[in-house]
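Okay, protein13.cif now, which holds mmCIF, C-alpha atoms:
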```cif
data_coords
#
loop_
_atom_site.group_PDB
_atom_site.id
_atom_site.type_symbol
_atom_site.label_atom_id
_atom_site.label_comp_id
_atom_site.auth_asym_id
_atom_site.auth_seq_id
_atom_site.Cartn_x
_atom_site.Cartn_y
_atom_site.Cartn_z
ATOM 1 C CA LEU E 3 -17.911 8.032 -10.075
ATOM 2 C CA LYS E 4 -15.497 6.705 -12.653
ATOM 3 C CA ARG E 5 -12.862 9.270 -11.623
ATOM 4 C CA ASN E 6 -13.066 8.027 -8.033
ATOM 5 C CA LEU E 7 -12.270 4.413 -8.871
ATOM 6 C CA ALA E 8 -8.881 3.328 -7.557
ATOM 7 C CA GLY E 9 -6.492 2.439 -10.343
ATOM 8 C CA GLY E 10 -8.229 4.512 -13.002
ATOM 9 C CA GLU E 11 -5.184 6.717 -13.507
ATOM 10 C CA PRO E 12 -1.505 5.761 -13.138
ATOM 11 C CA LEU E 13 0.123 6.934 -9.928
ATOM 12 C CA ASN E 14 2.821 9.598 -9.991
ATOM 13 C CA SER E 15 3.842 9.095 -6.360
ATOM 14 C CA PRO E 16 4.976 6.064 -4.386
ATOM 15 C CA LEU E 17 2.377 4.246 -2.336
ATOM 16 C CA LEU E 18 2.470 2.180 0.854
ATOM 17 C CA LEU E 19 -0.503 -0.125 1.343
ATOM 18 C CA VAL E 20 -1.124 -1.830 4.683
ATOM 19 C CA GLN E 21 -3.940 -4.336 4.994
ATOM 20 C CA GLY E 22 -5.283 -6.159 8.006
ATOM 21 C CA MET E 23 -6.303 -9.613 6.874
ATOM 22 C CA LYS E 24 -9.175 -9.709 9.376
ATOM 23 C CA ASP E 25 -10.650 -6.451 8.063
ATOM 24 C CA THR E 26 -14.390 -6.561 7.412
ATOM 25 C CA VAL E 27 -14.610 -2.975 6.080
ATOM 26 C CA VAL E 28 -11.945 -3.085 3.354
ATOM 27 C CA LEU E 29 -12.083 -6.747 2.470
ATOM 28 C CA PRO E 30 -8.674 -8.447 2.477
ATOM 29 C CA TYR E 31 -8.795 -9.420 -1.208
ATOM 30 C CA GLU E 32 -9.437 -5.824 -2.360
ATOM 31 C CA THR E 33 -6.085 -4.301 -1.413
ATOM 32 C CA PRO E 34 -3.910 -7.012 -3.031
ATOM 33 C CA ALA E 35 -6.076 -6.738 -6.170
ATOM 34 C CA TYR E 36 -5.482 -2.969 -6.267
ATOM 35 C CA PHE E 37 -1.781 -3.536 -5.602
ATOM 36 C CA SER E 38 -1.620 -5.931 -8.553
ATOM 37 C CA LEU E 39 -3.345 -3.377 -10.787
ATOM 38 C CA ILE E 40 -1.028 -0.501 -9.895
ATOM 39 C CA CYS E 41 2.024 -2.748 -10.220
ATOM 40 C CA GLN E 42 0.887 -3.542 -13.771
ATOM 41 C CA GLN E 43 0.776 0.225 -14.327
ATOM 42 C CA ARG E 44 4.457 0.366 -13.248
ATOM 43 C CA ALA E 45 3.750 2.171 -9.977
ATOM 44 C CA THR E 46 6.248 2.206 -7.151
ATOM 45 C CA ALA E 47 4.241 0.467 -4.456
ATOM 46 C CA GLN E 48 4.755 -1.565 -1.326
ATOM 47 C CA LEU E 49 2.115 -3.906 0.111
ATOM 48 C CA GLU E 50 2.313 -5.119 3.691
ATOM 49 C CA LEU E 51 -0.233 -7.618 5.010
ATOM 50 C CA TYR E 52 -0.960 -7.962 8.720
ATOM 51 C CA PRO E 53 -2.578 -11.365 9.337
ATOM 52 C CA GLU E 54 -4.025 -10.603 12.773
ATOM 53 C CA ASP E 55 -5.280 -7.050 12.199
ATOM 54 C CA ASP E 56 -8.672 -5.646 11.267
ATOM 55 C CA HIS E 57 -9.772 -2.236 10.031
ATOM 56 C CA TYR E 58 -9.296 -0.600 13.414
ATOM 57 C CA SER E 59 -6.146 -2.286 14.716
ATOM 58 C CA ILE E 60 -4.072 -1.980 11.539
ATOM 59 C CA ILE E 61 -3.061 1.674 11.931
ATOM 60 C CA PRO E 62 -1.709 1.489 15.478
ATOM 61 C CA ASN E 63 -0.002 -1.829 14.719
ATOM 62 C CA ALA E 64 1.516 -0.585 11.446
ATOM 63 C CA GLU E 65 2.276 2.896 12.806
ATOM 64 C CA ASP E 66 6.037 2.375 13.115
ATOM 65 C CA GLN E 67 6.300 1.058 9.571
ATOM 66 C CA ILE E 68 4.120 3.874 8.207
ATOM 67 C CA ASP E 69 6.129 6.494 10.082
ATOM 68 C CA GLU E 70 9.449 5.095 8.855
ATOM 69 C CA TRP E 71 8.156 4.944 5.274
ATOM 70 C CA MET E 72 6.962 8.576 5.459
ATOM 71 C CA GLN E 73 10.226 9.794 7.026
ATOM 72 C CA GLN E 74 12.170 8.125 4.214
ATOM 73 C CA ARG E 75 10.012 9.849 1.598
ATOM 74 C CA LEU E 76 10.437 13.217 3.333
ATOM 75 C CA ALA E 77 14.194 12.608 3.317
ATOM 76 C CA ARG E 78 13.847 12.000 -0.437
ATOM 77 C CA GLU E 79 15.076 8.421 -0.193
ATOM 78 C CA PRO E 80 13.904 6.192 -3.051
ATOM 79 C CA ALA E 81 10.682 4.395 -2.256
ATOM 80 C CA PRO E 82 10.844 0.613 -1.988
ATOM 81 C CA THR E 83 8.654 -1.628 -4.069
ATOM 82 C CA ASN E 84 7.620 -5.220 -3.684
ATOM 83 C CA CYS E 85 5.710 -5.359 -6.945
ATOM 84 C CA PRO E 86 6.306 -8.683 -8.663
ATOM 85 C CA ASN E 87 8.889 -8.574 -11.446
ATOM 86 C CA ARG E 88 10.260 -5.255 -10.237
ATOM 87 C CA GLU E 89 13.606 -4.496 -8.645
ATOM 88 C CA ARG E 90 13.193 -4.360 -4.897
ATOM 89 C CA SER E 91 14.676 -1.252 -3.292
#
```
Structure encoded using structure tokens:
Amino acid sequence: LKRNLAGGEPLNSPLLLVQGMKDTVVLPYETPAYFSLICQQRATAQLELYPEDDHYSIIPNAEDQIDEWMQQRLAREPAPTNCPNRERS
């Protein structure tokens, strides 16, 4: 179980996190807490919060942003980060 805990190992790849703030499956405080942890580990991460979305509406409503982020990674563009105290790309 310990190996399956998020944040147990530093990330080697950029990460986009999208969180619906009305989610009752992945509670809204969990994703920002994980984001904070991986930022402390110097990860390249981007967190986007969607105030009106829940667990089921977040993907279709964030689809354009997710697609753009993935296309940029596939084009080998540097990943943006909005980790505190990090340079924003």
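When all atoms listed in the file are used to measure the gap to Tyr52 of chain E, the shortest distance among E:Gln73, E:Glu79, E:Val20, E:Glu65 belongs to E:Val20.
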Practice prompt. Might you pull out every residue within 10 Å of Tyr36 of chain E, with all atoms listed in the file counted and same-chain residues fewer than 3 positions away left off, and present them as a PyMOL selection string?
Written response: chain E and resi 8-9+19+31-33+39-42+49
Store the residues picked out above in a file with C-alpha atoms, as an mmCIF file, in the frame of the given file.
```cif
data_model
loop_
_atom_site.group_PDB
_atom_site.id
_atom_site.type_symbol
_atom_site.label_atom_id
_atom_site.label_comp_id
_atom_site.auth_asym_id
_atom_site.auth_seq_id
_atom_site.Cartn_x
_atom_site.Cartn_y
_atom_site.Cartn_z
ATOM 1 C CA ALA E 8 -8.881 3.328 -7.557
ATOM 2 C CA GLY E 9 -6.492 2.439 -10.343
ATOM 3 C CA LEU E 19 -0.503 -0.125 1.343
ATOM 4 C CA TYR E 31 -8.795 -9.420 -1.208
ATOM 5 C CA GLU E 32 -9.437 -5.824 -2.360
ATOM 6 C CA THR E 33 -6.085 -4.301 -1.413
ATOM 7 C CA LEU E 39 -3.345 -3.377 -10.787
ATOM 8 C CA ILE E 40 -1.028 -0.501 -9.895
ATOM 9 C CA CYS E 41 2.024 -2.748 -10.220
ATOM 10 C CA GLN E 42 0.887 -3.542 -13.771
ATOM 11 C CA LEU E 49 2.115 -3.906 0.111
#
```
Item to complete: Choose the residue, out of E:Ala35, E:Leu29, E:Leu18, E:Ala77, that has the smallest atom-to-atom separation from Glu50 of chain E; count all atoms listed in the file.
Response: E:Leu18
Practice prompt. Could you state which residues are captured by the PyMOL selection byres ((chain E and resi 16) around 8) in this file, as a ChimeraX atom specification?
Written response: /E:13-15,17-18,45-47,81
Discussion item. Expand the PyMOL selection byres ((chain E and resi 24) around 10) into the explicit residue set it covers here, and present it as a PyMOL selection string.
Written reply: chain E and resi 21-23+25-30+52-60
Response to the item:
As a check of understanding: the span from atom CA of Asn63 of chain E to atom CA of Arg44 of chain E is 28.4 Å
Worksheet entry | Between atom CA of Pro86 of chain E and atom CA of Leu51 of chain E, distance in Å (one decimal) | 15.2 Å
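From atom CA of Gln43 of chain E back to atom CA of Gly10 of chain E, the distance works out to 10.1 Å.
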